[in-house]
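The next block holds one structure in the form of structure tokens; read it before the comments.
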There are 2 protein chains.
Amino acid sequence: MATITDVSKKAGVSRSTVSRLIAGNGYVSDEARKAVEAAIQELGYRPNTMARGLRSNRSDIIGGVVVNVSSPFYAQMIGGMQETARSAGKSIIVASGYADRDEEAHAIIELLDRACDGLILYLENALRDDVLEIVARSKTPVVTVGGNECPPARARVTIDNATGAEAGMRLLLEAGHRHIAYLSGGTIYRDTYERLSGIDAALAGFGLSRDDIYVEHGSFSETFGQQATARLLIERPQTTAIFAGDDDVAAGALLALKGAGKRVPEEISLLGFDDNFHARHLTPGLTTVRQPVDEAGRVATRLLLSILDGEPVATPIITIPTELIMRQSVGPVRSLSPTSRTVAPALTAS
Amino acid sequence: MATITDVSKKAGVSRSTVSRLIAGNGYVSDEARKAVEAAIQELGYRPNTMARGLRSNRSDIIGGVVVNVSSPFYAQMIGGMQETARSAGKSIIVASGYADRDEEAHAIIELLDRACDGLILYLENALRDDVLEIVARSKTPVVTVGGNECPPARARVTIDNATGAEAGMRLLLEAGHRHIAYLSGGTIYRDTYERLSGIDAALAGFGLSRDDIYVEHGSFSETFGQQATARLLIERPQTTAIFAGDDDVAAGALLALKGAGKRVPEEISLLGFDDNFHARHLTPGLTTVRQPVDEAGRVATRLLLSILDGEPVATPIITIPTELIMRQSVGPVRSLSPTSRTVAPALTAS
DNA sequence: GATCGATATGGGATCGATCTCACAGGGAGA
DNA sequence: TCTCCCTGTGAGATCGATCCCATATCGATC
């Protein structure tokens with residue numbers, strides 16, 4: 001591979017001049033510029049990233065940690081990150097934290113070793129103390145997405161769980177539902193509490209409180225949705241609507257409902273959260289609160305890029321709005337004859 | 001950050017000794033080893049990746065190009081790659097090629113600029129000539145996955161499309177179907193032809209040929225599946241089974257079938273290909289040919305790692321077997337009374 | 001006792017860029 | 001004319017590791 005010295009020799013200038021031209025700083029005469037550009041072209045010269053990085057202490061690599069790169073949810077976020085990073089000439093290395101504190105620690109340290117210019121973290125646990133110190137010492141700027149708060153972060157991107165959950169709950173209440181079950185996710189997540197506060201707000205708007213609905217905590221998984229719903233059908237048969245903590249929980253709930261021969265939404269309404277990849281493929285299509293996770297990835301990356309450019313971060317917390325996606329799984333309550341056959345509810349499909 | 005010189009000073013040895021210890025080659029006395037290890041511990045020393053890379057011309061980064069990192073299909077593959085690479089102490093940078101020749105070229109060049117030790121490519125187009133030359137000149141080993149052949153590749157991992165398609169078609173034939181439509185993907189993919197050859201083989205086993213079924217070429221998309229199926233229902237109402245080019249096509253087909261009030265599998269059977277993320281979430285669960293794409297990612301990475309270790313590549317082409325996943329969308333043909341209500345077919349659910 | 005190989009260590013060149021500093025020429029203003 | 005600033009260029013130090021080579025010690029073998 002050609003080096004900068006080869007280029008400088010061919011162009012009859014010094015390495016410094018070539019370097020200045022490439023970096024776009026300092027003075028370069030038109031004559032020199034042309035000669036160097038021709039030499040670069042002819043030799044097919046590409047600067048050595050390592051040498052540059054060693055000297056300038058920049059790698060042009062952004063590190064990302066998500067729960068699991070294989071999951072469609074995070075894949076979307078990574079897509080958003082990559083798109084944005086690419087337009088700034090940076091690449092992305094992602095690692096999985098597998099929702100495990102030590103795995104997350106390992107992933108972060110690995111990324112720091114790679115001299116990432118900055119980190120975007122979607123963690124499920126608080127940072128281990130030793131890692132916290134290492135991150136701080138490295139002075140690598142950090143932006144977090146979703147999840148819980150994380151001390152070293154210079155900025156945080158969250159999705160507006162509260163308003164999303166509020167809109168979802170209001171949808172159910174406006175459809176006349178009063179026997180509502182909320183199958184929440186795990187209690188270790190900030191998301192969970194934010195959503196609950198939104199639910200409270202919606203309930204309050206109808207003169208109700210959380211005591212007027214049934215709330216069960218579990219995990220963000222299909223299994224939980226299925227098991228909790230199966231239990232629910234036996235213990236609380238009066239339930240007319242289920243609000244699932246996320247679409248996985250909703251998918252599980254739907255399996256249980258179908259298994260019990262319940263028609264959705266005629267007999268029971270089902271509302272999800274996330275707008276996962278498969279939400280629109282469920283039957284009936286799942287009405288859900290969309291979390292624009294790709295947008296979160298883009299925003300987080302943009303934030304990090306501007307921090308790297310030395311721009312002051314105006315708003316250290318950016319909240320991304322959710323969106324209610326209307327499909328077919330929520331319908332009006334049938335209070336008098338809950339098992340009677342009804343026409344499909346008049347909600348817009350998407 | 002502490003450097004190797006700091007460590008050597010603290011331990012009272014030379015940098016060379018520290019370097020030898022870390023690299024694990026050359027001789028280091030027990031005494032020196034202990035002193036150095038203590039110093040490393042105390043200073044929290046971590047070798048500078050850039051400096052190491054510059055000198056040794058290794059980055060410990062593997063570059064990957066897939067069609068689209070956001071897609072669940074490729075996310076799975078990336079997960080497999082990452083898992084394997086991690087255990088060898090390497091990281092992965094992935095870029096999207098968006099099935100566009102120039103985008104793919106751009107992605108590859110970007111990865112080469114990052115001095116990736118090797119590349120894993122899942123491309124949809126032949127490499128641009130100039131890129132081919134650059135890759136060759138860089139001597140970076142390349143492993144390709146799926147898709148078409150790619151000249152610079154030292155090894156290739158393919159998924160056994162032919163056998164998979166053969167097994168799928170045989171399933172339909174054994175269930176008694178004779179009016180079969182195959183909604184194929186795009187004609188630019190090698191996959192397409194491999195699957196067709198498998199289909200031919202299955203047909204031959206029943207004394208039939210491709211002329212005895214209906215084949216339509218389109219693209220690997222839900223839209224194609226939906227439109228082609230809608231057309232099919234009008235123009236070839238005798239069809240009793242649809243074999244979709246992939247699960248997206250199948251999802252589209254299912255939408256069209258439901259839209260037309262057709263019951264699956266009672267009135268018409270539907271078979272997919274891939275075992276996409278949402279295959280099991282469709283209703284009915286989609287019987288499909290599983291492409292173990294995560295395994296392909298793992299195998300490709302393992303191959304690349306052994307090439308990087310200088311091991312001779314015994315088998316330059318590795319074929320990964322597919323697997324028939326039995327769910328509920330394929331049933332026996334109802335030749336006499338195609339619209340009569342039937343019980344669910346006796347196939348194993350998964 | 002000389003030779004040889006294995007063990008152990010350090011010195012210094014090197015990878016390919018960036019970046020600071022010194023310096024030169026030329027035009028403007030005092 | 002002298003000074004000062006702007007433009008333009010190159011020499012050389014530097015980043016933090018690796019790696020080749022020289023050297024030293026020690027025990028075994030002839």
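Identifiers in the structure tokens: chain A, B, ... in order shown; residue index from 1 per chain; ligand index from 1 in order shown.
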
Enumerate as a tab-separated table (two decimals) with C-alpha atoms (C1' of nucleotides), in the first residue's frame the residues belonging to chain D that approach chain A to within 10 Å, with only C-alpha atoms (C1' of nucleotides) taken into account.
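Output below, filename iface_2.tsv:
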```
chain	number	residue	atom	x	y	z
D	7	DT	C1'	0.45	32.64	2.74
D	8	DG	C1'	3.00	28.54	1.92
D	9	DT	C1'	6.36	24.91	2.89
D	10	DG	C1'	9.45	21.51	5.07
D	11	DA	C1'	12.16	19.35	8.93
D	14	DT	C1'	6.03	12.29	18.36
D	15	DC	C1'	2.16	8.84	19.23
D	16	DG	C1'	2.73	3.56	21.63
D	17	DA	C1'	3.41	-0.40	20.50
```

Chain A residues near chain B (8 Å cut-off, only C-alpha atoms) as a ChimeraX atom specification: /A:1,46-51,53-54,68-72,75-79,82,91-95,113-115,137-138,251,277-278,281-283

CA of Ser209 (chain B) to CA of Arg170 (chain B), distance in Å rounded to a single decimal: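 About the pair CA of Ser209 (chain B) and CA of Arg170 (chain B): they are 12.7 Å apart.
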
After fitting chain A to chain B over every Cα pair taken in order, the RMSD: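 C-alpha RMSD, chain A fitted to chain B: 0.1 Å.
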
Counting only C-alpha atoms (C1' of nucleotides), a student should be able to say which residues of chain C come within 9 Å of chain A; what is the right answer, written as a PDB file with N, CA, C and O atoms (P, O5', C5', C4', C3', O3' and C1' of nucleotides), in the first residue's frame?
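Now in part.pdb:
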```
ATOM      1  P    DC C  15       9.393   1.209   8.250  1.00  0.00           P
ATOM      2  O5'  DC C  15       7.841   1.101   8.556  1.00  0.00           O
ATOM      3  C5'  DC C  15       7.230  -0.136   8.888  1.00  0.00           C
ATOM      4  C4'  DC C  15       5.898   0.122   9.546  1.00  0.00           C
ATOM      5  C3'  DC C  15       5.171   1.327   8.960  1.00  0.00           C
ATOM      6  O3'  DC C  15       4.225   0.883   7.999  1.00  0.00           O
ATOM      7  C1'  DC C  15       5.116   1.321  11.385  1.00  0.00           C
ATOM      8  P    DG C  16       4.182   1.640   6.560  1.00  0.00           P
ATOM      9  O5'  DG C  16       3.334   2.952   6.871  1.00  0.00           O
ATOM     10  C5'  DG C  16       1.996   2.810   7.286  1.00  0.00           C
ATOM     11  C4'  DG C  16       1.496   4.141   7.781  1.00  0.00           C
ATOM     12  C3'  DG C  16       1.678   5.295   6.785  1.00  0.00           C
ATOM     13  O3'  DG C  16       0.462   6.009   6.721  1.00  0.00           O
ATOM     14  C1'  DG C  16       2.533   5.901   8.876  1.00  0.00           C
ATOM     15  P    DA C  17       0.172   7.003   5.517  1.00  0.00           P
ATOM     16  O5'  DA C  17       0.086   8.413   6.286  1.00  0.00           O
ATOM     17  C5'  DA C  17      -1.147   8.857   6.778  1.00  0.00           C
ATOM     18  C4'  DA C  17      -1.069   9.153   8.262  1.00  0.00           C
ATOM     19  C3'  DA C  17      -1.063  10.626   8.623  1.00  0.00           C
ATOM     20  O3'  DA C  17      -2.405  11.057   8.785  1.00  0.00           O
ATOM     21  C1'  DA C  17       0.478   9.364   9.971  1.00  0.00           C
ATOM     22  P    DT C  18      -2.750  12.569   8.749  1.00  0.00           P
ATOM     23  O5'  DT C  18      -2.210  13.105  10.145  1.00  0.00           O
ATOM     24  C5'  DT C  18      -2.814  12.660  11.341  1.00  0.00           C
ATOM     25  C4'  DT C  18      -2.177  13.385  12.511  1.00  0.00           C
ATOM     26  C3'  DT C  18      -2.324  14.902  12.476  1.00  0.00           C
ATOM     27  O3'  DT C  18      -2.577  15.326  13.811  1.00  0.00           O
ATOM     28  C1'  DT C  18      -0.042  14.341  12.590  1.00  0.00           C
ATOM     29  P    DC C  19      -3.313  16.722  14.065  1.00  0.00           P
ATOM     30  O5'  DC C  19      -2.229  17.490  14.936  1.00  0.00           O
ATOM     31  C5'  DC C  19      -1.232  16.752  15.661  1.00  0.00           C
ATOM     32  C4'  DC C  19      -0.064  17.673  15.950  1.00  0.00           C
ATOM     33  C3'  DC C  19      -0.353  19.152  15.666  1.00  0.00           C
ATOM     34  O3'  DC C  19       0.259  19.923  16.672  1.00  0.00           O
ATOM     35  C1'  DC C  19       1.524  18.480  14.454  1.00  0.00           C
TER      36       DC C  19
END
```

Surrounding residues of Ser221 (chain A) excluding itself and chain neighbours under 4 positions, 8 Å, only C-alpha atoms (C1' of nucleotides), as a PyMOL selection string: chain A and resi 185+225+248-249+252

Separation of CA of Glu166 (chain B) from CA of Phe273 (chain B), in Å and rounded to one decimal: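 These two atoms are separated by 11.5 Å.
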
Filtered DSSP result for region 92-270 of chain B, state helix (DSSP H, G or I), as an NGL selection string: :B and (101-113 or 129-138 or 161-174 or 190-205 or 210-212 or 222-235 or 247-259)

Distance query Asp246 (chain B) at most 12 Å, only C-alpha atoms (C1' of nucleotides), self and fewer than 6 positions along chain excluded, as a PyMOL selection string: chain B and resi 73+161+164-165+168+182-186+191-192+195+218-222+224-225+252-253+270-279+286-291

Could those residues be written to a file, using N, CA and C atoms, as a compact mmCIF listing (two decimals), in the first residue's frame?
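Okay, again_30.txt is ready:
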```txt
# COMPACT_ATOMS: atom_id res chain seq x y z
N PHE B 73 -33.26 -10.81 9.57
CA PHE B 73 -32.52 -11.91 8.96
C PHE B 73 -31.01 -11.71 9.12
N ASN B 161 -29.71 -24.50 -0.39
CA ASN B 161 -31.00 -24.14 -0.96
C ASN B 161 -31.65 -25.28 -1.73
N GLY B 164 -33.01 -27.97 0.54
CA GLY B 164 -34.11 -27.40 1.30
C GLY B 164 -35.37 -27.29 0.46
N ALA B 165 -35.20 -26.76 -0.74
CA ALA B 165 -36.35 -26.59 -1.62
C ALA B 165 -36.90 -27.95 -2.03
N GLY B 168 -38.97 -29.27 0.75
CA GLY B 168 -40.23 -28.53 0.82
C GLY B 168 -41.21 -29.00 -0.24
N TYR B 182 -45.28 -21.97 -7.39
CA TYR B 182 -44.03 -21.55 -6.72
C TYR B 182 -43.81 -20.08 -7.01
N LEU B 183 -43.90 -19.27 -5.94
CA LEU B 183 -43.70 -17.82 -6.10
C LEU B 183 -42.24 -17.52 -5.78
N SER B 184 -41.44 -17.54 -6.80
CA SER B 184 -39.99 -17.44 -6.65
C SER B 184 -39.55 -16.01 -6.37
N GLY B 185 -38.32 -15.89 -5.94
CA GLY B 185 -37.76 -14.56 -5.71
C GLY B 185 -37.17 -14.00 -6.99
N GLY B 186 -36.29 -13.05 -6.87
CA GLY B 186 -35.69 -12.40 -8.03
C GLY B 186 -34.80 -13.33 -8.83
N ASP B 191 -29.42 -18.13 -5.32
CA ASP B 191 -30.36 -18.85 -4.47
C ASP B 191 -31.57 -19.32 -5.26
N THR B 192 -32.09 -18.41 -6.06
CA THR B 192 -33.29 -18.70 -6.83
C THR B 192 -33.12 -19.95 -7.69
N ARG B 195 -32.69 -23.20 -5.65
CA ARG B 195 -33.97 -23.71 -5.15
C ARG B 195 -34.76 -24.37 -6.27
N GLY B 218 -40.54 -13.06 -9.09
CA GLY B 218 -40.85 -11.70 -8.65
C GLY B 218 -39.70 -11.20 -7.81
N SER B 219 -39.96 -10.89 -6.57
CA SER B 219 -38.89 -10.45 -5.68
C SER B 219 -39.15 -11.06 -4.30
N PHE B 220 -38.15 -11.02 -3.46
CA PHE B 220 -38.31 -11.54 -2.11
C PHE B 220 -39.00 -10.50 -1.24
N SER B 221 -40.27 -10.28 -1.46
CA SER B 221 -40.96 -9.24 -0.70
C SER B 221 -42.41 -9.63 -0.43
N GLU B 222 -42.93 -9.05 0.62
CA GLU B 222 -44.30 -9.29 1.01
C GLU B 222 -45.26 -8.84 -0.10
N PHE B 224 -44.84 -8.66 -3.31
CA PHE B 224 -44.91 -9.63 -4.41
C PHE B 224 -45.81 -10.80 -4.03
N GLY B 225 -45.61 -11.30 -2.80
CA GLY B 225 -46.40 -12.44 -2.35
C GLY B 225 -47.89 -12.14 -2.38
N GLY B 252 -47.02 -12.22 2.67
CA GLY B 252 -47.87 -11.51 1.72
C GLY B 252 -48.95 -12.41 1.16
N ALA B 253 -48.54 -13.63 0.82
CA ALA B 253 -49.49 -14.59 0.29
C ALA B 253 -50.62 -14.84 1.29
N LEU B 270 -49.74 -23.51 2.46
CA LEU B 270 -48.74 -22.46 2.23
C LEU B 270 -47.42 -22.87 2.88
N LEU B 271 -46.38 -22.82 2.07
CA LEU B 271 -45.05 -23.22 2.56
C LEU B 271 -44.07 -22.06 2.34
N GLY B 272 -43.29 -21.78 3.36
CA GLY B 272 -42.34 -20.67 3.26
C GLY B 272 -40.91 -21.13 3.11
N PHE B 273 -40.00 -20.17 3.20
CA PHE B 273 -38.57 -20.47 3.14
C PHE B 273 -37.85 -19.41 3.97
N ASP B 274 -36.99 -19.83 4.86
CA ASP B 274 -36.13 -18.97 5.71
C ASP B 274 -36.31 -19.30 7.19
N ASP B 275 -37.55 -19.44 7.62
CA ASP B 275 -37.91 -19.43 9.03
C ASP B 275 -37.50 -18.09 9.64
N ASN B 276 -38.00 -17.08 9.02
CA ASN B 276 -37.85 -15.70 9.51
C ASN B 276 -38.34 -15.57 10.92
N PHE B 277 -38.00 -14.47 11.50
CA PHE B 277 -38.44 -14.15 12.85
C PHE B 277 -39.95 -14.29 13.03
N HIS B 278 -40.71 -13.87 12.03
CA HIS B 278 -42.16 -13.84 12.24
C HIS B 278 -42.89 -15.08 11.75
N ALA B 279 -42.14 -16.05 11.23
CA ALA B 279 -42.81 -17.24 10.68
C ALA B 279 -43.70 -17.91 11.73
N LEU B 286 -46.40 -20.76 10.24
CA LEU B 286 -45.95 -21.05 8.88
C LEU B 286 -45.00 -22.25 8.85
N THR B 287 -45.41 -23.25 8.10
CA THR B 287 -44.50 -24.36 7.81
C THR B 287 -43.49 -23.83 6.81
N THR B 288 -42.22 -24.07 7.09
CA THR B 288 -41.21 -23.38 6.28
C THR B 288 -39.89 -24.13 6.29
N VAL B 289 -39.03 -23.78 5.34
CA VAL B 289 -37.70 -24.37 5.28
C VAL B 289 -36.74 -23.43 5.99
N ARG B 290 -36.18 -23.88 7.08
CA ARG B 290 -35.33 -23.01 7.88
C ARG B 290 -33.94 -22.85 7.28
N GLN B 291 -33.53 -21.60 7.09
CA GLN B 291 -32.15 -21.29 6.71
C GLN B 291 -31.42 -20.89 7.97
```

Nearby residues (only C-alpha atoms (C1' of nucleotides)) at most 12 Å from DC4 (chain C), same-chain spacing under 3 positions excluded, as number ranges by chain: D: 26-30

With N, CA, C and O atoms (P, O5', C5', C4', C3', O3' and C1' of nucleotides) kept, could you save the residues just selected as a short mmCIF file (atom, residue, chain, number, x, y, z; two decimals), in the first residue's frame?
```cif
data_model
loop_
_atom_site.label_atom_id
_atom_site.label_comp_id
_atom_site.auth_asym_id
_atom_site.auth_seq_id
_atom_site.Cartn_x
_atom_site.Cartn_y
_atom_site.Cartn_z
P DC D 26 25.37 -16.82 36.02
"O5'" DC D 26 24.81 -18.26 35.63
"C5'" DC D 26 23.43 -18.41 35.33
"C4'" DC D 26 23.22 -19.76 34.65
"C3'" DC D 26 24.19 -20.85 35.13
"O3'" DC D 26 23.46 -21.98 35.57
"C1'" DC D 26 24.13 -20.76 32.76
P DG D 27 24.15 -23.03 36.56
"O5'" DG D 27 23.84 -24.38 35.77
"C5'" DG D 27 22.57 -24.60 35.21
"C4'" DG D 27 22.68 -25.52 34.01
"C3'" DG D 27 23.51 -26.78 34.26
"O3'" DG D 27 22.79 -27.90 33.80
"C1'" DG D 27 24.32 -25.62 32.33
P DA D 28 23.31 -29.37 34.07
"O5'" DA D 28 23.64 -29.82 32.58
"C5'" DA D 28 22.67 -29.60 31.55
"C4'" DA D 28 23.26 -29.96 30.21
"C3'" DA D 28 24.07 -31.27 30.20
"O3'" DA D 28 23.76 -31.99 29.02
"C1'" DA D 28 25.43 -29.48 29.44
P DT D 29 24.18 -33.52 28.87
"O5'" DT D 29 25.29 -33.45 27.74
"C5'" DT D 29 25.02 -32.70 26.54
"C4'" DT D 29 26.32 -32.49 25.77
"C3'" DT D 29 27.23 -33.72 25.74
"O3'" DT D 29 27.54 -34.05 24.38
"C1'" DT D 29 28.45 -31.77 26.29
P DC D 30 28.26 -35.46 24.02
"O5'" DC D 30 29.67 -34.97 23.49
"C5'" DC D 30 29.74 -33.94 22.51
"C4'" DC D 30 31.17 -33.40 22.44
"C3'" DC D 30 32.26 -34.47 22.40
"O3'" DC D 30 33.14 -34.21 21.33
"C1'" DC D 30 32.73 -32.87 24.09
#
```
